[in-house]
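Reproduced below: final.pdb, with PDB, C-alpha atoms.
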```pdb
MODEL        1
ATOM      1  CA  GLU A   1     -11.402 -30.113  20.453
ATOM      2  CA  ALA A   2     -10.746 -27.591  23.217
ATOM      3  CA  PHE A   3      -8.158 -24.919  22.537
ATOM      4  CA  PRO A   4      -4.998 -26.079  24.394
ATOM      5  CA  GLN A   5      -4.176 -23.927  27.418
ATOM      6  CA  GLU A   6      -0.446 -24.218  26.793
ATOM      7  CA  LEU A   7      -0.862 -22.911  23.228
ATOM      8  CA  TYR A   8      -3.046 -20.065  24.460
ATOM      9  CA  ASP A   9      -0.352 -19.132  26.986
ATOM     10  CA  VAL A  10       2.252 -19.007  24.215
ATOM     11  CA  LEU A  11       0.039 -16.824  22.020
ATOM     12  CA  VAL A  12      -0.804 -14.423  24.832
ATOM     13  CA  ALA A  13       2.903 -14.109  25.602
ATOM     14  CA  ASN A  14       3.492 -13.110  21.957
ATOM     15  CA  LYS A  15       5.943 -15.986  21.450
ATOM     16  CA  VAL A  16       4.665 -17.358  18.162
ATOM     17  CA  PRO A  17       7.458 -19.265  16.341
ATOM     18  CA  ARG A  18       8.497 -17.735  13.039
ATOM     19  CA  GLU A  19      10.771 -18.469  10.107
ATOM     20  CA  ARG A  20      13.673 -16.161   9.223
ATOM     21  CA  TYR A  21      14.936 -15.518   5.703
ATOM     22  CA  LYS A  22      18.075 -14.213   4.066
ATOM     23  CA  ILE A  23      17.542 -11.942   1.072
ATOM     24  CA  THR A  24      18.690 -14.784  -1.212
ATOM     25  CA  GLU A  25      15.893 -16.992   0.152
ATOM     26  CA  LEU A  26      13.115 -14.573  -0.755
ATOM     27  CA  LYS A  27      11.424 -16.545  -3.495
ATOM     28  CA  PRO A  28       7.795 -17.556  -4.051
ATOM     29  CA  GLU A  29       6.828 -20.960  -2.694
ATOM     30  CA  THR A  30       3.953 -23.171  -3.782
ATOM     31  CA  PHE A  31       2.527 -25.746  -1.398
ATOM     32  CA  THR A  32       0.106 -28.604  -1.990
ATOM     33  CA  VAL A  33      -1.980 -30.006   0.855
ATOM     34  CA  ASN A  34      -4.284 -32.923   0.091
ATOM     35  CA  GLY A  35      -4.467 -31.855  -3.546
ATOM     36  CA  VAL A  36      -5.038 -28.125  -2.917
ATOM     37  CA  LYS A  37      -2.295 -25.699  -4.001
ATOM     38  CA  PHE A  38      -1.571 -22.311  -2.476
ATOM     39  CA  GLU A  39       1.210 -19.790  -3.024
ATOM     40  CA  MET A  40       3.281 -17.738  -0.600
ATOM     41  CA  LEU A  41       4.882 -14.582  -2.001
ATOM     42  CA  PRO A  42       8.069 -12.949  -0.651
ATOM     43  CA  VAL A  43       8.048  -9.573   1.068
ATOM     44  CA  GLU A  44      11.417  -7.892   1.408
ATOM     45  CA  GLY A  45      11.753  -6.316   4.827
ATOM     46  CA  GLY A  46      12.195  -2.595   5.278
ATOM     47  CA  THR A  47      11.220   0.511   7.223
ATOM     48  CA  PHE A  48       7.926   2.313   6.709
ATOM     49  CA  LEU A  49       5.593   4.804   8.363
ATOM     50  CA  MET A  50       2.756   2.835   9.937
ATOM     51  CA  GLY A  51      -0.572   4.451  10.675
ATOM     52  CA  GLY A  52      -2.931   7.006   9.161
ATOM     53  CA  SER A  53      -2.072  10.221   7.410
ATOM     54  CA  GLU A  54      -4.112  13.358   6.835
ATOM     55  CA  GLN A  55      -2.294  13.987   3.558
ATOM     56  CA  LYS A  56      -4.387  14.511   0.431
ATOM     57  CA  GLY A  57      -7.606  14.558   2.428
ATOM     58  CA  GLN A  58      -7.376  10.970   3.591
ATOM     59  CA  VAL A  59      -9.789   9.720   6.225
ATOM     60  CA  THR A  60      -7.913   8.908   9.434
ATOM     61  CA  ARG A  61      -9.287   7.532  12.692
ATOM     62  CA  GLU A  62      -7.855   8.246  16.111
ATOM     63  CA  ASP A  63      -6.660   4.664  16.627
ATOM     64  CA  GLU A  64      -4.475   4.985  13.488
ATOM     65  CA  LEU A  65      -2.372   7.689  15.140
ATOM     66  CA  PRO A  66       0.354   8.591  15.758
ATOM     67  CA  GLN A  67       2.182   7.560  12.625
ATOM     68  CA  HIS A  68       5.351   5.813  13.683
ATOM     69  CA  GLU A  69       8.392   4.225  12.091
ATOM     70  CA  VAL A  70       8.426   0.425  11.937
ATOM     71  CA  THR A  71      11.168  -1.855  10.624
ATOM     72  CA  LEU A  72      10.291  -5.405   9.566
ATOM     73  CA  ASP A  73      12.370  -8.445   8.710
ATOM     74  CA  HIS A  74      11.745 -10.392   5.501
ATOM     75  CA  PHE A  75       8.671 -12.635   5.441
ATOM     76  CA  LYS A  76       6.343 -14.464   3.071
ATOM     77  CA  ILE A  77       2.596 -13.961   2.839
ATOM     78  CA  GLY A  78      -0.289 -15.716   1.135
ATOM     79  CA  LYS A  79      -1.082 -14.530  -2.373
ATOM     80  CA  LEU A  80      -4.746 -15.098  -1.504
ATOM     81  CA  GLU A  81      -6.859 -15.181   1.601
ATOM     82  CA  VAL A  82      -7.203 -18.747   2.904
ATOM     83  CA  THR A  83      -9.882 -20.283   0.722
ATOM     84  CA  GLN A  84     -12.599 -22.707   1.678
ATOM     85  CA  ALA A  85     -10.848 -25.313  -0.489
ATOM     86  CA  LEU A  86      -7.649 -24.991   1.537
ATOM     87  CA  TRP A  87      -9.519 -25.010   4.838
ATOM     88  CA  GLU A  88     -11.297 -28.228   3.895
ATOM     89  CA  ALA A  89      -8.023 -29.806   2.706
ATOM     90  CA  VAL A  90      -6.461 -29.112   6.105
ATOM     91  CA  MET A  91      -9.414 -29.507   8.482
ATOM     92  CA  GLY A  92     -11.604 -32.026   6.644
ATOM     93  CA  GLU A  93     -14.763 -29.888   6.514
ATOM     94  CA  VAL A  94     -15.830 -26.265   6.306
ATOM     95  CA  PRO A  95     -17.997 -24.322   8.780
ATOM     96  CA  TYR A  96     -21.685 -23.860   8.024
ATOM     97  CA  GLY A  97     -22.563 -20.943   5.768
ATOM     98  CA  ASN A  98     -19.553 -21.041   3.467
ATOM     99  CA  GLN A  99     -20.226 -20.803  -0.238
ATOM    100  CA  GLY A 100     -17.658 -22.608  -2.378
ATOM    101  CA  PRO A 101     -14.003 -23.585  -2.811
ATOM    102  CA  ASP A 102     -12.850 -20.313  -4.389
ATOM    103  CA  TYR A 103     -14.334 -18.095  -1.673
ATOM    104  CA  PRO A 104     -12.380 -16.939   1.376
ATOM    105  CA  ILE A 105     -13.053 -19.025   4.444
ATOM    106  CA  GLY A 106     -15.518 -17.368   6.813
ATOM    107  CA  ASN A 107     -17.300 -18.125  10.066
ATOM    108  CA  VAL A 108     -13.966 -18.892  11.737
ATOM    109  CA  SER A 109     -12.873 -17.336  15.010
ATOM    110  CA  TRP A 110      -9.308 -16.321  15.829
ATOM    111  CA  TYR A 111      -9.070 -19.529  17.863
ATOM    112  CA  ASP A 112     -10.314 -21.536  14.866
ATOM    113  CA  ALA A 113      -7.564 -19.968  12.774
ATOM    114  CA  GLN A 114      -4.996 -21.073  15.370
ATOM    115  CA  ALA A 115      -6.313 -24.638  15.209
ATOM    116  CA  PHE A 116      -5.992 -24.525  11.414
ATOM    117  CA  LEU A 117      -2.406 -23.267  11.665
ATOM    118  CA  ARG A 118      -1.506 -26.000  14.116
ATOM    119  CA  GLN A 119      -2.828 -28.649  11.724
ATOM    120  CA  LEU A 120      -1.261 -27.050   8.637
ATOM    121  CA  ASN A 121       2.134 -26.897  10.342
ATOM    122  CA  ALA A 122       1.850 -30.551  11.313
ATOM    123  CA  LEU A 123       1.112 -31.443   7.672
ATOM    124  CA  THR A 124       3.884 -29.314   6.147
ATOM    125  CA  GLY A 125       6.577 -29.161   8.823
ATOM    126  CA  ARG A 126       6.694 -25.369   8.464
ATOM    127  CA  LYS A 127       5.811 -22.446  10.764
ATOM    128  CA  PHE A 128       2.750 -20.859   9.220
ATOM    129  CA  ARG A 129       1.142 -18.176  11.379
ATOM    130  CA  LEU A 130      -1.120 -15.151  11.226
ATOM    131  CA  PRO A 131       0.513 -11.863  10.239
ATOM    132  CA  THR A 132       1.377  -9.247  12.791
ATOM    133  CA  GLU A 133      -0.571  -6.036  12.327
ATOM    134  CA  ALA A 134       2.575  -4.306  11.042
ATOM    135  CA  GLU A 135       3.239  -7.071   8.502
ATOM    136  CA  CYS A 136      -0.338  -6.847   7.275
ATOM    137  CA  GLU A 137      -0.152  -3.078   6.743
ATOM    138  CA  TYR A 138       3.307  -3.218   5.153
ATOM    139  CA  ALA A 139       2.231  -5.937   2.718
ATOM    140  CA  ALA A 140      -1.027  -4.133   1.900
ATOM    141  CA  ARG A 141       0.986  -0.985   1.173
ATOM    142  CA  GLY A 142       3.173  -2.936  -1.263
ATOM    143  CA  GLY A 143       6.284  -3.250   0.900
ATOM    144  CA  LYS A 144       9.341  -1.666  -0.715
ATOM    145  CA  LYS A 145       7.409  -1.401  -3.986
ATOM    146  CA  THR A 146       4.803   0.883  -2.452
ATOM    147  CA  HIS A 147       3.319   3.847  -4.260
ATOM    148  CA  VAL A 148       1.889   5.148  -0.964
ATOM    149  CA  TYR A 149      -1.647   4.328  -1.970
ATOM    150  CA  VAL A 150      -4.668   4.645   0.327
ATOM    151  CA  TYR A 151      -5.917   1.201  -0.738
ATOM    152  CA  ALA A 152      -3.949  -1.931  -1.519
ATOM    153  CA  GLY A 153      -2.637  -1.225  -5.022
ATOM    154  CA  SER A 154      -4.567   1.949  -5.794
ATOM    155  CA  PRO A 155      -5.437   5.453  -4.611
ATOM    156  CA  PHE A 156      -9.090   4.512  -5.135
ATOM    157  CA  PRO A 157     -11.076   1.445  -4.015
ATOM    158  CA  GLN A 158     -12.810   0.760  -7.328
ATOM    159  CA  GLY A 159     -11.331  -2.257  -9.084
ATOM    160  CA  TYR A 160      -9.099  -3.156  -6.130
ATOM    161  CA  ALA A 161     -11.420  -3.572  -3.149
ATOM    162  CA  GLN A 162     -14.603  -5.625  -2.795
ATOM    163  CA  TYR A 163     -16.880  -3.641  -0.485
ATOM    164  CA  GLY A 164     -20.338  -2.187  -0.043
ATOM    165  CA  TYR A 165     -22.516  -5.294  -0.503
ATOM    166  CA  ASP A 166     -25.644  -5.516   1.665
ATOM    167  CA  ASP A 167     -25.891  -9.312   1.624
ATOM    168  CA  MET A 168     -22.961  -9.895   4.028
ATOM    169  CA  ARG A 169     -21.558 -12.539   1.675
ATOM    170  CA  THR A 170     -17.983 -12.631   0.436
ATOM    171  CA  ARG A 171     -17.062 -13.031  -3.234
ATOM    172  CA  PRO A 172     -14.577 -15.393  -4.919
ATOM    173  CA  VAL A 173     -10.950 -14.460  -4.292
ATOM    174  CA  ALA A 174      -8.816 -12.616  -6.867
ATOM    175  CA  ARG A 175     -11.707 -11.051  -8.794
ATOM    176  CA  TYR A 176     -10.027  -7.649  -8.756
ATOM    177  CA  SER A 177      -6.492  -6.428  -9.426
ATOM    178  CA  PRO A 178      -3.618  -7.268  -7.041
ATOM    179  CA  ASN A 179      -1.370  -4.747  -5.341
ATOM    180  CA  GLU A 180       2.294  -4.074  -6.141
ATOM    181  CA  LEU A 181       3.404  -7.325  -4.504
ATOM    182  CA  GLY A 182       0.902  -9.456  -6.410
ATOM    183  CA  LEU A 183      -1.386  -9.881  -3.376
ATOM    184  CA  TYR A 184      -5.144 -10.072  -3.892
ATOM    185  CA  ASP A 185      -7.945  -8.814  -1.640
ATOM    186  CA  MET A 186      -5.725  -6.981   0.845
ATOM    187  CA  SER A 187      -8.487  -4.369   0.702
ATOM    188  CA  GLY A 188     -12.017  -5.725   1.039
ATOM    189  CA  ASN A 189     -13.710  -9.106   0.546
ATOM    190  CA  ALA A 190     -13.059 -10.657   4.000
ATOM    191  CA  TRP A 191     -11.637  -9.038   7.097
ATOM    192  CA  GLU A 192      -8.371 -10.772   8.007
ATOM    193  CA  TRP A 193      -7.395 -11.804  11.515
ATOM    194  CA  CYS A 194      -3.979 -10.636  12.721
ATOM    195  CA  GLN A 195      -1.980 -12.457  15.367
ATOM    196  CA  TYR A 196      -1.882  -9.968  18.212
ATOM    197  CA  ARG A 197      -4.290  -8.019  20.374
ATOM    198  CA  MET A 198      -5.578  -4.514  19.779
ATOM    199  CA  GLY A 199      -3.898  -1.614  21.515
ATOM    200  CA  PRO A 200      -2.964   2.053  21.075
ATOM    201  CA  TYR A 201      -0.039   3.107  18.904
ATOM    202  CA  SER A 202       3.151   4.639  20.239
ATOM    203  CA  SER A 203       5.344   7.222  18.526
ATOM    204  CA  VAL A 204       8.446   5.206  19.412
ATOM    205  CA  GLU A 205      10.334   3.523  16.556
ATOM    206  CA  GLN A 206       9.798  -0.255  16.574
ATOM    207  CA  ARG A 207      11.235  -3.391  15.018
ATOM    208  CA  ASP A 208       8.941  -6.342  14.282
ATOM    209  CA  PRO A 209       6.330  -5.209  16.847
ATOM    210  CA  THR A 210       4.148  -7.910  18.364
ATOM    211  CA  GLY A 211       1.413  -5.781  19.878
ATOM    212  CA  PRO A 212       0.666  -4.870  23.499
ATOM    213  CA  ALA A 213       1.532  -7.334  26.261
ATOM    214  CA  SER A 214      -1.712  -6.807  28.166
ATOM    215  CA  VAL A 215      -5.373  -6.035  27.585
ATOM    216  CA  ARG A 216      -6.427  -2.383  27.500
ATOM    217  CA  GLU A 217      -7.896  -0.972  30.691
ATOM    218  CA  ASN A 218     -11.674  -1.492  30.890
ATOM    219  CA  ASP A 219     -11.692  -4.110  28.100
ATOM    220  CA  GLN A 220     -14.095  -6.923  28.943
ATOM    221  CA  ILE A 221     -12.613  -9.149  26.236
ATOM    222  CA  ASP A 222      -9.128  -9.642  24.779
ATOM    223  CA  PRO A 223      -9.752  -8.291  21.232
ATOM    224  CA  ARG A 224      -7.603  -9.245  18.269
ATOM    225  CA  VAL A 225      -6.842  -6.946  15.365
ATOM    226  CA  MET A 226      -8.482  -7.401  11.979
ATOM    227  CA  ARG A 227      -7.335  -5.714   8.793
ATOM    228  CA  GLY A 228      -8.551  -5.007   5.276
ATOM    229  CA  GLY A 229     -12.257  -4.325   5.574
ATOM    230  CA  SER A 230     -14.828  -6.546   3.889
ATOM    231  CA  VAL A 231     -17.643  -6.788   1.371
ATOM    232  CA  ALA A 232     -20.003  -5.555   4.072
ATOM    233  CA  THR A 233     -18.112  -2.360   4.955
ATOM    234  CA  THR A 234     -17.850   1.124   3.522
ATOM    235  CA  PRO A 235     -14.711   1.840   1.471
ATOM    236  CA  ASP A 236     -12.983   3.792   4.260
ATOM    237  CA  LYS A 237     -12.731   0.535   6.248
ATOM    238  CA  CYS A 238     -10.725  -0.964   3.360
ATOM    239  CA  ARG A 239      -7.884   1.577   3.641
ATOM    240  CA  VAL A 240      -4.430   0.092   4.296
ATOM    241  CA  SER A 241      -4.110   1.896   7.643
ATOM    242  CA  ASN A 242      -7.599   1.125   8.949
ATOM    243  CA  ARG A 243      -7.816  -1.053  12.069
ATOM    244  CA  GLY A 244     -10.637  -3.341  13.130
ATOM    245  CA  GLU A 245     -11.006  -5.474  16.255
ATOM    246  CA  PHE A 246     -13.159  -8.388  17.329
ATOM    247  CA  ASP A 247     -13.565 -10.889  20.131
ATOM    248  CA  PRO A 248     -11.195 -13.798  19.278
ATOM    249  CA  GLY A 249     -13.857 -16.334  20.225
ATOM    250  CA  ARG A 250     -16.515 -14.995  17.869
ATOM    251  CA  PHE A 251     -16.930 -15.360  14.103
ATOM    252  CA  ARG A 252     -18.759 -13.905  11.132
ATOM    253  CA  THR A 253     -19.193 -14.825   7.490
ATOM    254  CA  THR A 254     -17.054 -11.817   6.531
ATOM    255  CA  ILE A 255     -14.009 -12.577   8.723
ATOM    256  CA  GLY A 256     -11.241 -14.827   7.434
ATOM    257  CA  PHE A 257      -7.454 -14.736   7.449
ATOM    258  CA  ARG A 258      -4.251 -14.932   5.405
ATOM    259  CA  LEU A 259      -1.136 -17.011   5.995
ATOM    260  CA  VAL A 260       2.368 -15.767   6.772
ATOM    261  CA  LEU A 261       5.710 -17.570   6.966
TER     262      LEU A 261
ENDMDL
END
```
Show me, as structure tokens, the structure contained in the file I just sent.
Amino acid sequence: EAFPQELYDVLVANKVPRERYKITELKPETFTVNGVKFEMLPVEGGTFLMGGSEQKGQVTREDELPQHEVTLDHFKIGKLEVTQALWEAVMGEVPYGNQGPDYPIGNVSWYDAQAFLRQLNALTGRKFRLPTEAECEYAARGGKKTHVYVYAGSPFPQGYAQYGYDDMRTRPVARYSPNELGLYDMSGNAWEWCQYRMGPYSSVEQRDPTGPASVRENDQIDPRVMRGGSVATTPDKCRVSNRGEFDPGRFRTTIGFRLVL
């Protein structure tokens, strides 16, 4: 099925529908779709410094600067990356090259993820979406429970991030320890698509940023942000502030996504 032009126009205009929560509504939710369960965990909104830091000898890339203050509303995020079991429950089949129900879905483009979300929302009556880049970093950092770690849940990647494999194949989800919010694989395993396009940071304070309104000068494609690193990257790519980007129409075995409400 072709990607609907009207939906593409909405996404490009950064007008993705979202749910809003009061603090009293921030509770975990479990969903079941065609026999497959998945859990959404609450993230209390707050203000944090987004971007890289040179403190304590951390690796920082130019596109992670400048650090800037971001304030986010409450949201809910998937405890796990979307698994192949959940993808099949929603879409009826999995793309070629995927390995098993407990692995993160791979070989899906950003557009494929949007098609999945459209179908999931039709099945549940909710407004599932991809995370914004700020939501992804805030959740990886542990939200208000953060210990200002370099990786999701730890100052070191070992035991928290799945990385450094030469076979370009993801591993089952939740093999390693979660971060402070109970989220697994926010560092490593599969890269995770974010909703909005890649662009430079600004030093201006922001609230619920939705990314740049237009493509960067000289870009031949309209790249979307990816976060988290993967099994096929070095550990520095798994840092909570690291940014990746990829053509939204392309896919790899090591690129998946996570749900947000």
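Residues lying within 7 Å of Thr30 of chain A, counting only C-alpha atoms and ignoring same-chain neighbours fewer than 5 positions away, are Lys37, Phe38, Glu39 and Met40 of chain A.
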Measuring between only C-alpha atoms, which one of A:Thr146, A:Gln84, A:Thr254, A:Gln114 shows the shortest distance to Tyr8 of chain A?
A:Gln114
Residues selected by the PyMOL selection byres ((chain A and resi 70) around 6), written as a PyMOL selection string:
chain A and resi 47-48+69+71+205-207
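Compared by their closest atoms to Met226 of chain A, and using all atoms listed in the file, the residues A:Met186, A:Val204, A:Val16, A:Ile105 rank with A:Met186 nearest.
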Could you give me, as a list of chain:residue names, the residues within 10 Å of Tyr149 of chain A, counting only C-alpha atoms and dropping anything in the same chain fewer than 3 positions from it?
A:Ala140, A:Arg141, A:Gly142, A:Thr146, A:Ala152, A:Gly153, A:Ser154, A:Pro155, A:Phe156, A:Asn179, A:Arg239, A:Val240
Just to confirm, what's the straight-line distance from atom CA of Gly35 of chain A to atom CA of Gly106 of chain A in Å (one decimal)?
21.0 Å
Rounded to one decimal, what separation in Å do you get between atom CA of Thr170 of chain A and atom CA of Ile221 of chain A?
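Interatomic distance here is 26.6 Å.
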